[in-house]
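**Q** Pasting a structure here, questions to come.
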Amino acid sequence: MAMATSHMHLNSPLPRPSLYNSQGKGFLQRPWFRAQPRTKPIRSVIIKASADVRKEDIVIVGAGIAGLATALSLHRLGIGSVVLEQAESLRTSGTSLTLFKNGWRVLDSIGVADSLRGQFLEIEGMAVNSEDGRELRSFIFKDEDQTQEVRAVERRILLETLANELPPDTVRFSSKLATINSSENGETLLELTDGTRLLAKIVIGCDGIRSPIAKWMGFSEPKYVGHCAFRGLGFYPDGQPFAANVNYIYGRGLRAGYVPVSPTKVYWFICYNSPSAGPKITDPVLLRKQAKELVKNWPEELIRLIDLSPDETISKTPLVDRWLWPGLSPPASAGKVVLVGDAWHPMTPNLGQGACCALEDSVILTRKLADAIKSGPASVEAALRSYEEERWPRVFPLTIRANLVGSLLQWDNQLVCSVRNNIVIPKLVRLGPVLEHTNFECEPLKA
């Protein structure tokens with residue numbers, strides 16, 4: 001989950017959690033829990049022993065998909081963690097997200113996929129239409145790849161499913177980060193707005209697109225890509241009428257889509273060009289009105305979907321991303337602080353890979369940490385570097401590709417759109433290569 005960045009004091013990165021009891025003594029007497037010197041100078045603070053500082057082994061900042069999946073992955077391997085969430089409860093507002101087979105492989109590995117499969121429809125194919133209702137192309141996913149699995153999942157249910165598998169009190173709500181400090185002995189002091197102080201040996205930043213942890217580590221703010229999106233979740237109490245397909249509608253500088261989530265719910269989006277992100281709007285009446293105005297001459301089923309969406313499901317967000325240029329972007333880890341998911345590599349939703357990549361991050365990081373914790377502090381830092389080395393070649397190209405696909409689909413030139421609708425999509429696009437990025441193997445996590 002993204003956390004507010006106000007009042008952050010950035011004293012330069014360096015981090016580490018450990019296994020402590022309430023008296024500050026280690027449960028596991030491993031030599032790596034001693035402080036280790038750094039090889040390069042960094043501003044740090046001297047943290048004196050104090051009864052008001054709680055010592056933790058692994059602290060995860062953010063109880064979104066990345067944070068909860070990481071905590072559950074660690075739990076499956078017998079490793080405890082604490083998850084800090086600034087909200088008073090799980091932030092279960094919002095609509096849904098599409099998970100392709102790579103996301104389902106991860107959910108299988110952490111033992112929650114089957115309970116989710118029973119609640120959401122498997123999507124069989126995809127249909128692409130022009131704004132006047134003409135079908136440009138259609139595909140059946142399993143004709144292209146027998147192993148493909150696509151389902152739209154309600155974000156609320158995914159978060160609750162992950163959280164319910166964690167030990168009690170793993171997630172600490174109303175825990176908003178105020179300051180981060182690196183200690184001379186290699187630990188990280190996290191201070192919360194309520195005055196709580198946590199001394200951690202490993203910090204995992206899963207705090208979303210506007211991540212304070214990423215900012216502290218020197219990352220730039222994500223960049224607005226020139227498009228905004230309305231989203232919603234249509235509710236049909238007597239059953240929704242659509243086939244189990246992803247349906248796209250392409251116009252000029254404007255596109256929309258909808259996909260059945262369950263027998264009674266259908267997710268929809270409208271993406272439009274805008275020179276700026278514009279003011280934040282939370283009034284559902286205004287959001288609904290603006291969304292309908294954009295597609296007022298488009299197929300009637302889209303208008304009806306918007307009308308059938310409860311107020312709390314309708315939102316508008318600017319689309320942003322961050323390109324992790326080699327040699328220019330900071331590393332994904334600093335000492336024993338590391339980033340996961342949107343906190344590290346925010347990407348646009350054009351490939352449906354934001355949540356899938358966050359899930360992949362969680363299991364890969366967990367496996368590397370589990371092996372390293374058995375050895376020593378140098379092994380932990382090496383494991384975090386290894387995590388980045390493995391993940392960067394995957395997430396950087398996907399971020400760029402998602403951005404370029406969005407730019408392609410948001411063309412507003414009449415001639416270019418005509419070429420797209422009459423040549424590129426009907427004759428040139430092949431679904432198999434388009435979905436190659438969903439190939440990902442993941443063995444079950446077992447202690």
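FYI, nothing fancy with the structure tokens labels: chains A, B, ... in order, residues from 1 per chain, ligands from 1 as they appear.
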From a DSSP calculation on the backbone, collect every residue of region 251-350 of chain A in alpha helix (DSSP H) and output the set as a VMD selection string.
**A** chain A and resid 284 to 294 300 to 307
**Q** Name all residues at most 8 Å from Gln410 (chain A) (count only C-alpha atoms; drop same-chain ones fewer than 2 positions away) and give them as a PyMOL selection string.
**A** chain A and resi 252-255+272-273+406-408+412
**Q** Please identify which residues in region 83-284 of chain A DSSP calls strand (DSSP E) from the backbone, and express them as a ChimeraX atom specification.
**A** /A:83-84,96-99,125-130,135-140,151-154,171-172,177-182,188-192,197-205,223-235,245-250,254-260,265-273
**Q** Determine the nearest neighbour of Arg288 (chain A) from the options A:Gly234, A:Pro318, A:Pro260, A:Gly111, counting only C-alpha atoms.
**A**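 Comparing A:Gly234, A:Pro318, A:Pro260, A:Gly111 against Arg288 (chain A), the winner is A:Gly234.
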**Q** When you count only C-alpha atoms, which of these residues is closest to Ile140 (chain A): A:Asn350, A:Thr95, A:Gln86, A:Asn245?
**A**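 Among the listed residues, A:Asn245 lies closest to Ile140 (chain A).
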**Q** Per residue of region 78-137 of chain A within 12 Å of region 366-374 of chain A, what are the shortest atom pair and its distance in Å to one decimal, counting only C-alpha atoms, with rows by chain and residue number, as a tab-separated table?
**A**
residue	atom	partner	partner_atom	distance
A:Gly78	CA	A:Ala370	CA	8.9
A:Ile79	CA	A:Ala370	CA	7.6
A:Gly80	CA	A:Ala370	CA	10.8
A:Ser81	CA	A:Thr366	CA	11.4
A:Val106	CA	A:Thr366	CA	11.9
A:Ser109	CA	A:Arg367	CA	11.6
A:Ile110	CA	A:Thr366	CA	11.0
**Q** Can I get the selection written as a PDB file, in the first residue's frame, with C-alpha atoms?
**A**
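Generated output (selection-v1.pdb):
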ATOM      1  CA  GLY A  78       8.814 -20.747   8.879  1.00  0.00           C
ATOM      2  CA  ILE A  79      10.070 -17.167   9.002  1.00  0.00           C
ATOM      3  CA  GLY A  80       8.114 -14.597  10.957  1.00  0.00           C
ATOM      4  CA  SER A  81       7.642 -10.956  10.073  1.00  0.00           C
ATOM      5  CA  VAL A 106       2.749 -17.828  -7.263  1.00  0.00           C
ATOM      6  CA  SER A 109       3.109 -21.849  -4.397  1.00  0.00           C
ATOM      7  CA  ILE A 110       1.898 -20.041  -1.275  1.00  0.00           C
TER       8      ILE A 110
END
**Q** Produce a table with one row for each residue of region 61-138 of chain A that has an atom at most 8 Å from any atom of region 192-209 of chain A, each row naming the nearest atom pair and its distance in Å at one decimal; use only C-alpha atoms; arrange rows by chain and rising residue number; format as CSV.
**A**
residue,atom,partner,partner_atom,distance
A:Val61,CA,A:Gly205,CA,5.1
A:Gly62,CA,A:Asp207,CA,4.4
A:Ala63,CA,A:Cys206,CA,7.4
A:Gly64,CA,A:Cys206,CA,7.3
A:Ala66,CA,A:Cys206,CA,5.7
A:Gly67,CA,A:Cys206,CA,5.1
**Q** List every residue of region 85-163 of chain A that has an atom at most 7 Å from any atom of region 420-438 of chain A, giving for each one its closest atom pair and the distance in Å to one decimal, counting only C-alpha atoms, sorted by chain and then by ascending residue number, as CSV.
**A**
residue,atom,partner,partner_atom,distance
A:Phe100,CA,A:Thr438,CA,6.4
A:Lys101,CA,A:Thr438,CA,6.1
A:Asn102,CA,A:Thr438,CA,5.1
A:Leu136,CA,A:Pro426,CA,5.6
A:Arg137,CA,A:Pro426,CA,5.5
A:Glu144,CA,A:Gly432,CA,5.3
A:Asp145,CA,A:Gly432,CA,7.0
**Q** Generate a file of the selected residues that holds all heavy atoms, formatted as a compact mmCIF listing (two decimals), in the first residue's frame.
**A**
# COMPACT_ATOMS: atom_id res chain seq x y z
N PHE A 100 -2.73 -13.31 -14.68
CA PHE A 100 -2.42 -14.31 -15.70
C PHE A 100 -1.72 -15.49 -15.02
O PHE A 100 -1.57 -15.53 -13.80
CB PHE A 100 -1.56 -13.68 -16.79
CG PHE A 100 -2.32 -12.73 -17.67
CD1 PHE A 100 -2.52 -11.41 -17.29
CD2 PHE A 100 -2.84 -13.16 -18.89
CE1 PHE A 100 -3.23 -10.53 -18.09
CE2 PHE A 100 -3.55 -12.29 -19.69
CZ PHE A 100 -3.76 -10.98 -19.30
N LYS A 101 -1.30 -16.45 -15.82
CA LYS A 101 -0.84 -17.71 -15.23
C LYS A 101 0.37 -17.54 -14.32
O LYS A 101 0.54 -18.30 -13.37
CB LYS A 101 -0.55 -18.75 -16.32
CG LYS A 101 0.66 -18.45 -17.19
CD LYS A 101 0.89 -19.62 -18.15
CE LYS A 101 2.10 -19.36 -19.04
NZ LYS A 101 2.35 -20.48 -19.98
N ASN A 102 1.23 -16.53 -14.58
CA ASN A 102 2.37 -16.34 -13.68
C ASN A 102 1.90 -15.94 -12.29
O ASN A 102 2.46 -16.40 -11.28
CB ASN A 102 3.35 -15.33 -14.25
CG ASN A 102 2.73 -14.01 -14.68
OD1 ASN A 102 1.59 -13.96 -15.16
ND2 ASN A 102 3.48 -12.93 -14.53
N LEU A 136 -12.80 -6.43 -34.33
CA LEU A 136 -11.54 -6.38 -35.07
C LEU A 136 -10.78 -7.69 -35.00
O LEU A 136 -10.11 -8.07 -35.95
CB LEU A 136 -10.65 -5.25 -34.51
CG LEU A 136 -11.28 -3.85 -34.45
CD1 LEU A 136 -10.30 -2.88 -33.82
CD2 LEU A 136 -11.68 -3.39 -35.85
N ARG A 137 -10.89 -8.39 -33.86
CA ARG A 137 -10.16 -9.64 -33.69
C ARG A 137 -10.65 -10.33 -32.43
O ARG A 137 -11.10 -9.67 -31.48
CB ARG A 137 -8.65 -9.32 -33.56
CG ARG A 137 -7.72 -10.54 -33.65
CD ARG A 137 -7.50 -10.95 -35.10
NE ARG A 137 -6.58 -12.06 -35.19
CZ ARG A 137 -5.25 -11.94 -35.26
NH1 ARG A 137 -4.70 -10.73 -35.25
NH2 ARG A 137 -4.49 -13.00 -35.37
N GLU A 144 -3.88 -20.61 -27.92
CA GLU A 144 -2.52 -20.09 -28.03
C GLU A 144 -1.58 -20.76 -27.04
O GLU A 144 -0.40 -20.93 -27.32
CB GLU A 144 -2.52 -18.57 -27.79
CG GLU A 144 -3.49 -17.79 -28.66
CD GLU A 144 -3.07 -17.80 -30.12
OE1 GLU A 144 -1.86 -17.92 -30.39
OE2 GLU A 144 -3.96 -17.67 -30.99
N ASP A 145 -2.10 -21.11 -25.85
CA ASP A 145 -1.27 -21.69 -24.79
C ASP A 145 -2.17 -22.50 -23.86
O ASP A 145 -2.97 -21.94 -23.12
CB ASP A 145 -0.57 -20.55 -24.02
CG ASP A 145 0.27 -21.07 -22.85
OD1 ASP A 145 0.33 -22.29 -22.64
OD2 ASP A 145 0.85 -20.21 -22.15
**Q** For a quick check of understanding, using only C-alpha atoms, which of A:Ala334, A:Leu445, A:Leu233, A:Leu351 has the smallest distance to Ser315 (chain A)?
**A**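 Among A:Ala334, A:Leu445, A:Leu233, A:Leu351, it is A:Leu233 that comes nearest to Ser315 (chain A).
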**Q** Report the distance between CA of Glu312 (chain A) and CA of Val261 (chain A) in Å, rounded to one decimal place.
**A**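 Pair CA of Glu312 (chain A) / CA of Val261 (chain A) returns 16.9 Å.
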**Q** For a quick check of understanding, using only C-alpha atoms, which of A:Gly232, A:Pro222, A:Pro397, A:Pro212 has the smallest distance to Ser96 (chain A)?
**A**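 Smallest distance to Ser96 (chain A) is found for A:Gly232.
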**Q** Determine the nearest neighbour of Leu324 (chain A) from the options A:Leu77, A:Leu398, A:Leu415, A:Val112, counting only C-alpha atoms.
**A**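 The answer is A:Leu398, which sits nearest to Leu324 (chain A).
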**Q** With distances taken over only C-alpha atoms, which residue among A:Leu158, A:Ala69, A:Ala447, A:Leu97 lies nearest Asp114 (chain A)?
**A** A:Leu158
**Q** Within 8 Å of Thr170 (chain A), counting only C-alpha atoms, which residues show up once you throw out same-chain ones fewer than 2 positions away? Write them as a PyMOL selection string, please.
**A** chain A and resi 81-83+166-168+172
**Q** Fewer than 6 positions away in the same chain doesn't count, so skip those; otherwise give me all residues within 10 Å of Asn247 (chain A), counting only C-alpha atoms, as a list in words.
**A**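 With the cut-off at 10 Å, the set is Gly125, Met126, Ala127, Val128, Asn129, Ser138, Ala256, Gly257, Tyr258, Val259, Pro260 and Trp268 of chain A.
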